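Okay, input34.pdb is below, PDB, C-alpha atoms, pLDDT in the B column:
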```pdb
ATOM      1  CA  GLN U   1      12.884   6.600 -16.183  1.00 43.00           C
ATOM      2  CA  ASN U   2      13.642   3.035 -15.170  1.00 45.00           C
ATOM      3  CA  ILE U   3      10.796   1.226 -16.897  1.00 45.00           C
ATOM      4  CA  VAL U   4      12.046  -1.134 -19.561  1.00 44.00           C
ATOM      5  CA  GLY U   5       8.707  -0.553 -21.407  1.00 45.00           C
ATOM      6  CA  GLY U   6       5.969  -3.017 -22.370  1.00 53.00           C
ATOM      7  CA  ARG U   7       6.175  -6.499 -20.965  1.00 67.00           C
ATOM      8  CA  PRO U   8       9.708  -7.531 -21.906  1.00 73.00           C
ATOM      9  CA  GLU U   9      11.037 -10.820 -20.697  1.00 79.00           C
ATOM     10  CA  THR U  10      12.684  -9.155 -17.736  1.00 89.00           C
ATOM     11  CA  CYS U  11      11.654  -7.261 -14.636  1.00 93.00           C
ATOM     12  CA  LEU U  12      10.017  -3.952 -15.445  1.00 93.00           C
ATOM     13  CA  CYS U  13      11.775  -2.060 -12.687  1.00 95.00           C
ATOM     14  CA  GLN U  14      15.470  -1.577 -11.938  1.00 93.00           C
ATOM     15  CA  LYS U  15      15.058   0.990  -9.181  1.00 95.00           C
ATOM     16  CA  THR U  16      12.022   1.552  -6.978  1.00 96.00           C
ATOM     17  CA  ARG U  17      10.881   4.472  -4.830  1.00 97.00           C
ATOM     18  CA  ASP U  18       9.979   4.032  -1.178  1.00 97.00           C
ATOM     19  CA  SER U  19       7.536   6.893  -1.353  1.00 95.00           C
ATOM     20  CA  LEU U  20       5.886   9.139  -3.897  1.00 94.00           C
ATOM     21  CA  ARG U  21       4.405  12.501  -3.062  1.00 92.00           C
ATOM     22  CA  VAL U  22       1.766  13.031  -5.724  1.00 91.00           C
ATOM     23  CA  ASN U  23      -1.829  14.162  -5.503  1.00 88.00           C
ATOM     24  CA  ARG U  24      -4.274  11.425  -6.383  1.00 85.00           C
ATOM     25  CA  ARG U  25      -5.703  13.717  -9.052  1.00 86.00           C
ATOM     26  CA  TYR U  26      -2.527  13.215 -11.102  1.00 92.00           C
ATOM     27  CA  ILE U  27      -2.586   9.418 -10.947  1.00 92.00           C
ATOM     28  CA  GLU U  28      -3.915   7.653 -14.048  1.00 92.00           C
ATOM     29  CA  ASN U  29      -3.648   4.236 -12.434  1.00 94.00           C
ATOM     30  CA  ILE U  30      -1.489   1.925 -10.369  1.00 95.00           C
ATOM     31  CA  GLU U  31      -0.478  -1.444 -11.814  1.00 96.00           C
ATOM     32  CA  ILE U  32       0.417  -4.386  -9.607  1.00 94.00           C
ATOM     33  CA  PHE U  33       2.397  -7.110 -11.414  1.00 93.00           C
ATOM     34  CA  PRO U  34       2.627 -10.381  -9.498  1.00 90.00           C
ATOM     35  CA  PRO U  35       5.862 -12.359  -9.902  1.00 89.00           C
ATOM     36  CA  SER U  36       5.970 -14.249 -13.180  1.00 86.00           C
ATOM     37  CA  ASN U  37       8.312 -16.338 -15.261  1.00 84.00           C
ATOM     38  CA  PHE U  38       9.845 -13.089 -16.463  1.00 86.00           C
ATOM     39  CA  CYS U  39      10.397 -11.529 -13.062  1.00 90.00           C
ATOM     40  CA  MET U  40      10.565 -13.142  -9.631  1.00 89.00           C
ATOM     41  CA  LYS U  41       9.661  -9.914  -7.866  1.00 90.00           C
ATOM     42  CA  LEU U  42       6.264  -8.346  -7.276  1.00 92.00           C
ATOM     43  CA  GLU U  43       6.347  -5.002  -9.107  1.00 94.00           C
ATOM     44  CA  ILE U  44       4.153  -1.939  -8.625  1.00 96.00           C
ATOM     45  CA  ILE U  45       4.071   0.861 -11.191  1.00 96.00           C
ATOM     46  CA  VAL U  46       2.197   4.158 -10.906  1.00 96.00           C
ATOM     47  CA  ASN U  47       1.227   5.815 -14.161  1.00 95.00           C
ATOM     48  CA  LEU U  48       0.662   9.548 -13.950  1.00 95.00           C
ATOM     49  CA  LYS U  49      -1.648  11.490 -16.239  1.00 92.00           C
ATOM     50  CA  ASN U  50       1.343  13.455 -17.569  1.00 93.00           C
ATOM     51  CA  GLY U  51       2.776  10.201 -18.901  1.00 94.00           C
ATOM     52  CA  ASN U  52       5.450   9.715 -16.228  1.00 95.00           C
ATOM     53  CA  LYS U  53       5.754   6.262 -14.687  1.00 96.00           C
ATOM     54  CA  TYR U  54       7.402   5.351 -11.395  1.00 97.00           C
ATOM     55  CA  CYS U  55       8.319   1.982  -9.910  1.00 97.00           C
ATOM     56  CA  LEU U  56       7.273   1.738  -6.282  1.00 96.00           C
ATOM     57  CA  ASN U  57       8.807  -0.477  -3.619  1.00 95.00           C
ATOM     58  CA  PRO U  58       6.072  -2.953  -2.613  1.00 92.00           C
ATOM     59  CA  GLU U  59       7.701  -3.454   0.773  1.00 91.00           C
ATOM     60  CA  ALA U  60       7.913   0.232   1.680  1.00 93.00           C
ATOM     61  CA  GLN U  61       5.433   1.213   4.369  1.00 92.00           C
ATOM     62  CA  LYS U  62       4.504   4.460   2.600  1.00 93.00           C
ATOM     63  CA  ILE U  63       3.743   2.630  -0.621  1.00 92.00           C
ATOM     64  CA  ARG U  64       1.578   0.068   1.132  1.00 89.00           C
ATOM     65  CA  GLN U  65      -0.216   2.892   2.882  1.00 89.00           C
ATOM     66  CA  MET U  66      -0.662   4.760  -0.402  1.00 88.00           C
ATOM     67  CA  ILE U  67      -2.336   1.753  -2.007  1.00 86.00           C
ATOM     68  CA  LYS U  68      -4.465   1.187   1.066  1.00 83.00           C
ATOM     69  CA  ASN U  69      -5.508   4.867   1.118  1.00 81.00           C
ATOM     70  CA  LEU U  70      -6.333   4.701  -2.519  1.00 79.00           C
ATOM     71  CA  GLN U  71      -8.761   1.903  -1.827  1.00 75.00           C
ATOM     72  CA  SER U  72     -10.187   2.989   1.454  1.00 64.00           C
ATOM     73  CA  LYS U  73     -10.804   6.710   1.231  1.00 53.00           C
ATOM     74  CA  TYR U  74     -13.434   6.291  -1.421  1.00 53.00           C
ATOM     75  CA  MET U  75     -15.617   3.789   0.399  1.00 45.00           C
ATOM     76  CA  PRO U  76     -19.180   5.192   0.583  1.00 41.00           C
TER      77      PRO U  76
ATOM     78  CA  GLN W   1     -17.095  -8.631 -20.552  1.00 43.00           C
ATOM     79  CA  ASN W   2     -18.116  -5.333 -19.017  1.00 45.00           C
ATOM     80  CA  ILE W   3     -15.036  -3.217 -19.783  1.00 45.00           C
ATOM     81  CA  VAL W   4     -15.823  -0.310 -22.044  1.00 44.00           C
ATOM     82  CA  GLY W   5     -12.171  -0.548 -23.297  1.00 45.00           C
ATOM     83  CA  GLY W   6      -9.395   2.023 -23.215  1.00 53.00           C
ATOM     84  CA  ARG W   7      -9.907   5.128 -21.140  1.00 67.00           C
ATOM     85  CA  PRO W   8     -13.209   6.445 -22.461  1.00 73.00           C
ATOM     86  CA  GLU W   9     -14.773   9.424 -20.827  1.00 80.00           C
ATOM     87  CA  THR W  10     -16.928   7.185 -18.670  1.00 89.00           C
ATOM     88  CA  CYS W  11     -16.443   4.625 -15.925  1.00 93.00           C
ATOM     89  CA  LEU W  12     -14.611   1.536 -17.128  1.00 93.00           C
ATOM     90  CA  CYS W  13     -16.807  -0.884 -15.246  1.00 95.00           C
ATOM     91  CA  GLN W  14     -20.562  -1.435 -15.309  1.00 93.00           C
ATOM     92  CA  LYS W  15     -20.611  -4.561 -13.171  1.00 95.00           C
ATOM     93  CA  THR W  16     -18.035  -5.671 -10.634  1.00 96.00           C
ATOM     94  CA  ARG W  17     -17.240  -9.023  -9.018  1.00 97.00           C
ATOM     95  CA  ASP W  18     -17.050  -9.440  -5.262  1.00 97.00           C
ATOM     96  CA  SER W  19     -14.547 -12.228  -5.621  1.00 95.00           C
ATOM     97  CA  LEU W  20     -12.413 -13.883  -8.244  1.00 94.00           C
ATOM     98  CA  ARG W  21     -11.029 -17.379  -7.934  1.00 92.00           C
ATOM     99  CA  VAL W  22      -7.933 -17.354 -10.096  1.00 91.00           C
ATOM    100  CA  ASN W  23      -4.415 -18.584  -9.468  1.00 88.00           C
ATOM    101  CA  ARG W  24      -1.901 -15.761  -9.258  1.00 85.00           C
ATOM    102  CA  ARG W  25       0.041 -17.435 -12.064  1.00 86.00           C
ATOM    103  CA  TYR W  26      -2.704 -16.414 -14.491  1.00 92.00           C
ATOM    104  CA  ILE W  27      -2.766 -12.744 -13.484  1.00 92.00           C
ATOM    105  CA  GLU W  28      -0.921 -10.357 -15.804  1.00 92.00           C
ATOM    106  CA  ASN W  29      -1.567  -7.379 -13.553  1.00 94.00           C
ATOM    107  CA  ILE W  30      -4.131  -5.538 -11.457  1.00 95.00           C
ATOM    108  CA  GLU W  31      -4.913  -1.922 -12.272  1.00 96.00           C
ATOM    109  CA  ILE W  32      -6.281   0.477  -9.670  1.00 94.00           C
ATOM    110  CA  PHE W  33      -7.931   3.565 -11.171  1.00 93.00           C
ATOM    111  CA  PRO W  34      -8.581   6.346  -8.663  1.00 90.00           C
ATOM    112  CA  PRO W  35     -11.731   8.406  -9.194  1.00 89.00           C
ATOM    113  CA  SER W  36     -11.278  10.987 -11.930  1.00 86.00           C
ATOM    114  CA  ASN W  37     -13.231  13.538 -13.901  1.00 84.00           C
ATOM    115  CA  PHE W  38     -14.435  10.666 -16.051  1.00 85.00           C
ATOM    116  CA  CYS W  39     -15.585   8.410 -13.245  1.00 90.00           C
ATOM    117  CA  MET W  40     -16.420   9.215  -9.634  1.00 89.00           C
ATOM    118  CA  LYS W  41     -15.789   5.655  -8.482  1.00 90.00           C
ATOM    119  CA  LEU W  42     -12.532   3.932  -7.642  1.00 92.00           C
ATOM    120  CA  GLU W  43     -12.204   1.090 -10.159  1.00 94.00           C
ATOM    121  CA  ILE W  44     -10.077  -2.061  -9.974  1.00 96.00           C
ATOM    122  CA  ILE W  45      -9.454  -4.210 -13.023  1.00 96.00           C
ATOM    123  CA  VAL W  46      -7.588  -7.522 -13.149  1.00 96.00           C
ATOM    124  CA  ASN W  47      -6.002  -8.441 -16.462  1.00 95.00           C
ATOM    125  CA  LEU W  48      -5.401 -12.118 -16.987  1.00 95.00           C
ATOM    126  CA  LYS W  49      -2.674 -13.552 -19.186  1.00 92.00           C
ATOM    127  CA  ASN W  50      -5.313 -15.102 -21.445  1.00 93.00           C
ATOM    128  CA  GLY W  51      -6.554 -11.622 -22.262  1.00 94.00           C
ATOM    129  CA  ASN W  52      -9.677 -11.688 -20.096  1.00 95.00           C
ATOM    130  CA  LYS W  53     -10.335  -8.656 -17.900  1.00 96.00           C
ATOM    131  CA  TYR W  54     -12.582  -8.469 -14.840  1.00 97.00           C
ATOM    132  CA  CYS W  55     -13.840  -5.516 -12.844  1.00 97.00           C
ATOM    133  CA  LEU W  56     -13.492  -6.109  -9.130  1.00 96.00           C
ATOM    134  CA  ASN W  57     -15.535  -4.517  -6.367  1.00 95.00           C
ATOM    135  CA  PRO W  58     -13.091  -2.374  -4.355  1.00 92.00           C
ATOM    136  CA  GLU W  59     -15.328  -2.630  -1.294  1.00 91.00           C
ATOM    137  CA  ALA W  60     -15.617  -6.420  -1.293  1.00 93.00           C
ATOM    138  CA  GLN W  61     -13.659  -8.033   1.516  1.00 92.00           C
ATOM    139  CA  LYS W  62     -12.345 -10.818  -0.724  1.00 93.00           C
ATOM    140  CA  ILE W  63     -11.042  -8.321  -3.270  1.00 92.00           C
ATOM    141  CA  ARG W  64      -9.285  -6.282  -0.605  1.00 89.00           C
ATOM    142  CA  GLN W  65      -7.794  -9.458   0.770  1.00 89.00           C
ATOM    143  CA  MET W  66      -6.711 -10.546  -2.714  1.00 88.00           C
ATOM    144  CA  ILE W  67      -4.837  -7.283  -3.271  1.00 86.00           C
ATOM    145  CA  LYS W  68      -3.319  -7.489   0.197  1.00 83.00           C
ATOM    146  CA  ASN W  69      -2.226 -11.108  -0.399  1.00 81.00           C
ATOM    147  CA  LEU W  70      -0.747 -10.139  -3.686  1.00 79.00           C
ATOM    148  CA  GLN W  71       1.462  -7.623  -1.948  1.00 75.00           C
ATOM    149  CA  SER W  72       2.258  -9.474   1.210  1.00 64.00           C
ATOM    150  CA  LYS W  73       3.005 -13.057   0.287  1.00 52.00           C
ATOM    151  CA  TYR W  74       6.066 -12.072  -1.662  1.00 53.00           C
ATOM    152  CA  MET W  75       7.802 -10.107   1.033  1.00 45.00           C
ATOM    153  CA  PRO W  76      11.315 -11.570   1.543  1.00 41.00           C
TER     154      PRO W  76
END
```

Output the file's structure as structure tokens, nothing else.
Amino acid sequence: QNIVGGRPETCLCQKTRDSLRVNRRYIENIEIFPPSNFCMKLEIIVNLKNGNKYCLNPEAQKIRQMIKNLQSKYMP
Amino acid sequence: QNIVGGRPETCLCQKTRDSLRVNRRYIENIEIFPPSNFCMKLEIIVNLKNGNKYCLNPEAQKIRQMIKNLQSKYMP
């Protein structure tokens, strides 16, 4: 678990994953944190319904695709 | 303010905005909630540092662009 927890005055993520195989059903939400005074990097965190959290690599193609899929598949 | 608050057993958003003019500096994070048993719709909520929250229309072009910009501009 590499989330420092809450919004400390540091980056939230030490390590990030370039992909995450999880069914959408298990995703509580995805949080996108723009760079801030606390952290120069853009950070993306997925929160699962079982309480697990994972840092995702914003630059990884699979992660970008995942976020895009999340938004597109549900268009009417 | 149209957020029901927390994760009630309903949709989080009644109304959504098709655009939001706010400088990235003021954004705490953006949350993407996939459809769930509680809510059939994909919901996107932006949390501002001043505590305000706004529901964004996932289908609106400007919102999609906003999320894309958020992820792309910070690529090294």

So that each row is one residue of chain W with an atom at most 12 Å from chain U, can you give its shortest atom pair and the distance in Å to one decimal, using all atoms listed in the file, rows by chain and rising number, as a tab-separated table?
```
residue	atom	partner	partner_atom	distance
W:Arg7	CA	U:Glu28	CA	9.6
W:Asn23	CA	U:Pro34	CA	10.8
W:Arg24	CA	U:Pro34	CA	7.0
W:Arg25	CA	U:Ser36	CA	6.8
W:Tyr26	CA	U:Ser36	CA	9.0
W:Ile27	CA	U:Pro34	CA	7.1
W:Glu28	CA	U:Phe33	CA	6.4
W:Asn29	CA	U:Phe33	CA	4.5
W:Ile30	CA	U:Ile32	CA	5.0
W:Glu31	CA	U:Glu31	CA	4.5
W:Ile32	CA	U:Ile30	CA	5.1
W:Phe33	CA	U:Asn29	CA	4.5
W:Pro34	CA	U:Asn29	CA	6.6
W:Pro35	CA	U:Arg25	CA	8.0
W:Ser36	CA	U:Arg25	CA	6.8
W:Asn37	CA	U:Arg25	CA	9.0
W:Phe38	CA	U:Glu28	CA	11.1
W:Cys39	CA	U:Glu28	CA	11.7
W:Met40	CA	U:Tyr74	CA	9.2
W:Lys41	CA	U:Tyr74	CA	7.5
W:Leu42	CA	U:Tyr74	CA	6.7
W:Glu43	CA	U:Gln71	CA	9.1
W:Ile44	CA	U:Gln71	CA	9.2
W:Ile45	CA	U:Glu31	CA	9.5
W:Val46	CA	U:Ile32	CA	9.3
W:Asn47	CA	U:Phe33	CA	9.9
W:Leu48	CA	U:Phe33	CA	10.8
W:Lys49	CA	U:Ser36	CA	10.5
W:Leu56	CA	U:Gln71	CA	11.8
W:Asn57	CA	U:Gln71	CA	10.4
W:Pro58	CA	U:Gln71	CA	6.6
W:Glu59	CA	U:Met75	CA	6.6
W:Ala60	CA	U:Met75	CA	10.3
W:Gln61	CA	U:Ser72	CA	11.6
W:Ile63	CA	U:Gln71	CA	10.6
W:Arg64	CA	U:Gln71	CA	8.3
W:Gln65	CA	U:Lys68	CA	11.2
W:Met66	CA	U:Pro34	CA	11.5
W:Ile67	CA	U:Ile32	CA	8.7
W:Lys68	CA	U:Lys68	CA	8.8
W:Asn69	CA	U:Pro34	CA	10.3
W:Leu70	CA	U:Pro34	CA	6.7
W:Gln71	CA	U:Pro58	CA	6.6
W:Ser72	CA	U:Glu59	CA	8.1
W:Lys73	CA	U:Leu42	CA	9.5
W:Tyr74	CA	U:Leu42	CA	6.7
W:Met75	CA	U:Glu59	CA	6.7
W:Pro76	CA	U:Glu59	CA	8.9
```

Can you give chain W as an mmCIF file with C-alpha atoms, in the frame of the given file after you superpose it on chain U, pairing all C-alpha atoms in order for the least-squares fit?
```
data_model
loop_
_atom_site.group_PDB
_atom_site.id
_atom_site.type_symbol
_atom_site.label_atom_id
_atom_site.label_comp_id
_atom_site.auth_asym_id
_atom_site.auth_seq_id
_atom_site.Cartn_x
_atom_site.Cartn_y
_atom_site.Cartn_z
ATOM 1 C CA GLN W 1 12.870 6.661 -15.999
ATOM 2 C CA ASN W 2 13.659 3.083 -15.077
ATOM 3 C CA ILE W 3 10.817 1.257 -16.849
ATOM 4 C CA VAL W 4 12.066 -1.088 -19.518
ATOM 5 C CA GLY W 5 8.703 -0.499 -21.336
ATOM 6 C CA GLY W 6 6.013 -2.964 -22.341
ATOM 7 C CA ARG W 7 6.198 -6.464 -20.954
ATOM 8 C CA PRO W 8 9.714 -7.523 -21.904
ATOM 9 C CA GLU W 9 11.011 -10.824 -20.717
ATOM 10 C CA THR W 10 12.686 -9.169 -17.756
ATOM 11 C CA CYS W 11 11.651 -7.276 -14.647
ATOM 12 C CA LEU W 12 10.009 -3.958 -15.446
ATOM 13 C CA CYS W 13 11.770 -2.066 -12.701
ATOM 14 C CA GLN W 14 15.461 -1.595 -11.947
ATOM 15 C CA LYS W 15 15.051 0.974 -9.194
ATOM 16 C CA THR W 16 12.030 1.545 -6.992
ATOM 17 C CA ARG W 17 10.882 4.468 -4.844
ATOM 18 C CA ASP W 18 9.995 4.041 -1.190
ATOM 19 C CA SER W 19 7.544 6.891 -1.372
ATOM 20 C CA LEU W 20 5.896 9.135 -3.906
ATOM 21 C CA ARG W 21 4.407 12.502 -3.084
ATOM 22 C CA VAL W 22 1.763 13.026 -5.729
ATOM 23 C CA ASN W 23 -1.835 14.160 -5.501
ATOM 24 C CA ARG W 24 -4.286 11.415 -6.392
ATOM 25 C CA ARG W 25 -5.713 13.714 -9.062
ATOM 26 C CA TYR W 26 -2.548 13.202 -11.108
ATOM 27 C CA ILE W 27 -2.596 9.399 -10.951
ATOM 28 C CA GLU W 28 -3.933 7.629 -14.044
ATOM 29 C CA ASN W 29 -3.651 4.211 -12.435
ATOM 30 C CA ILE W 30 -1.480 1.895 -10.367
ATOM 31 C CA GLU W 31 -0.487 -1.464 -11.810
ATOM 32 C CA ILE W 32 0.428 -4.412 -9.603
ATOM 33 C CA PHE W 33 2.390 -7.121 -11.425
ATOM 34 C CA PRO W 34 2.624 -10.405 -9.525
ATOM 35 C CA PRO W 35 5.860 -12.361 -9.913
ATOM 36 C CA SER W 36 5.971 -14.257 -13.192
ATOM 37 C CA ASN W 37 8.306 -16.345 -15.288
ATOM 38 C CA PHE W 38 9.826 -13.092 -16.484
ATOM 39 C CA CYS W 39 10.393 -11.544 -13.083
ATOM 40 C CA MET W 40 10.565 -13.152 -9.653
ATOM 41 C CA LYS W 41 9.660 -9.926 -7.872
ATOM 42 C CA LEU W 42 6.269 -8.364 -7.282
ATOM 43 C CA GLU W 43 6.352 -5.026 -9.118
ATOM 44 C CA ILE W 44 4.162 -1.951 -8.630
ATOM 45 C CA ILE W 45 4.067 0.836 -11.183
ATOM 46 C CA VAL W 46 2.188 4.132 -10.909
ATOM 47 C CA ASN W 47 1.220 5.800 -14.167
ATOM 48 C CA LEU W 48 0.651 9.514 -13.960
ATOM 49 C CA LYS W 49 -1.654 11.460 -16.247
ATOM 50 C CA ASN W 50 1.323 13.418 -17.578
ATOM 51 C CA GLY W 51 2.765 10.182 -18.908
ATOM 52 C CA ASN W 52 5.434 9.697 -16.245
ATOM 53 C CA LYS W 53 5.739 6.238 -14.698
ATOM 54 C CA TYR W 54 7.387 5.326 -11.397
ATOM 55 C CA CYS W 55 8.317 1.976 -9.914
ATOM 56 C CA LEU W 56 7.279 1.733 -6.290
ATOM 57 C CA ASN W 57 8.811 -0.478 -3.625
ATOM 58 C CA PRO W 58 6.084 -2.963 -2.626
ATOM 59 C CA GLU W 59 7.713 -3.444 0.773
ATOM 60 C CA ALA W 60 7.919 0.243 1.672
ATOM 61 C CA GLN W 61 5.445 1.230 4.361
ATOM 62 C CA LYS W 62 4.508 4.472 2.596
ATOM 63 C CA ILE W 63 3.748 2.634 -0.638
ATOM 64 C CA ARG W 64 1.573 0.090 1.135
ATOM 65 C CA GLN W 65 -0.211 2.910 2.886
ATOM 66 C CA MET W 66 -0.657 4.771 -0.406
ATOM 67 C CA ILE W 67 -2.328 1.755 -2.012
ATOM 68 C CA LYS W 68 -4.463 1.215 1.075
ATOM 69 C CA ASN W 69 -5.502 4.898 1.110
ATOM 70 C CA LEU W 70 -6.330 4.718 -2.524
ATOM 71 C CA GLN W 71 -8.769 1.926 -1.828
ATOM 72 C CA SER W 72 -10.170 3.042 1.461
ATOM 73 C CA LYS W 73 -10.809 6.756 1.240
ATOM 74 C CA TYR W 74 -13.438 6.296 -1.409
ATOM 75 C CA MET W 75 -15.599 3.817 0.413
ATOM 76 C CA PRO W 76 -19.175 5.204 0.582
#
```

Query raised in the report: What separation in Å, quoted to one decimal, exists between CA of Cys55 (chain U) and CA of Thr16 (chain U)?
Result: 4.7 Å

Query raised in the report: So how far away is CA of Asn52 (chain U) from CA of Leu20 (chain U), in Å?
Result: 12.4 Å

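Going from CA of Lys62 (chain U) to CA of Arg17 (chain W) covers 28.1 Å.
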
Produce the centre coordinates and the three edge lengths, each in Å to one decimal, of the box along x, y and z that contains all listed atoms of region 41-58 of chain U with 8 Å added on each side, as lines of an AutoDock Vina configuration file.
```
center_x = 4.0
center_y = 1.8
center_z = -10.8
size_x = 27.3
size_y = 39.4
size_z = 32.3
```
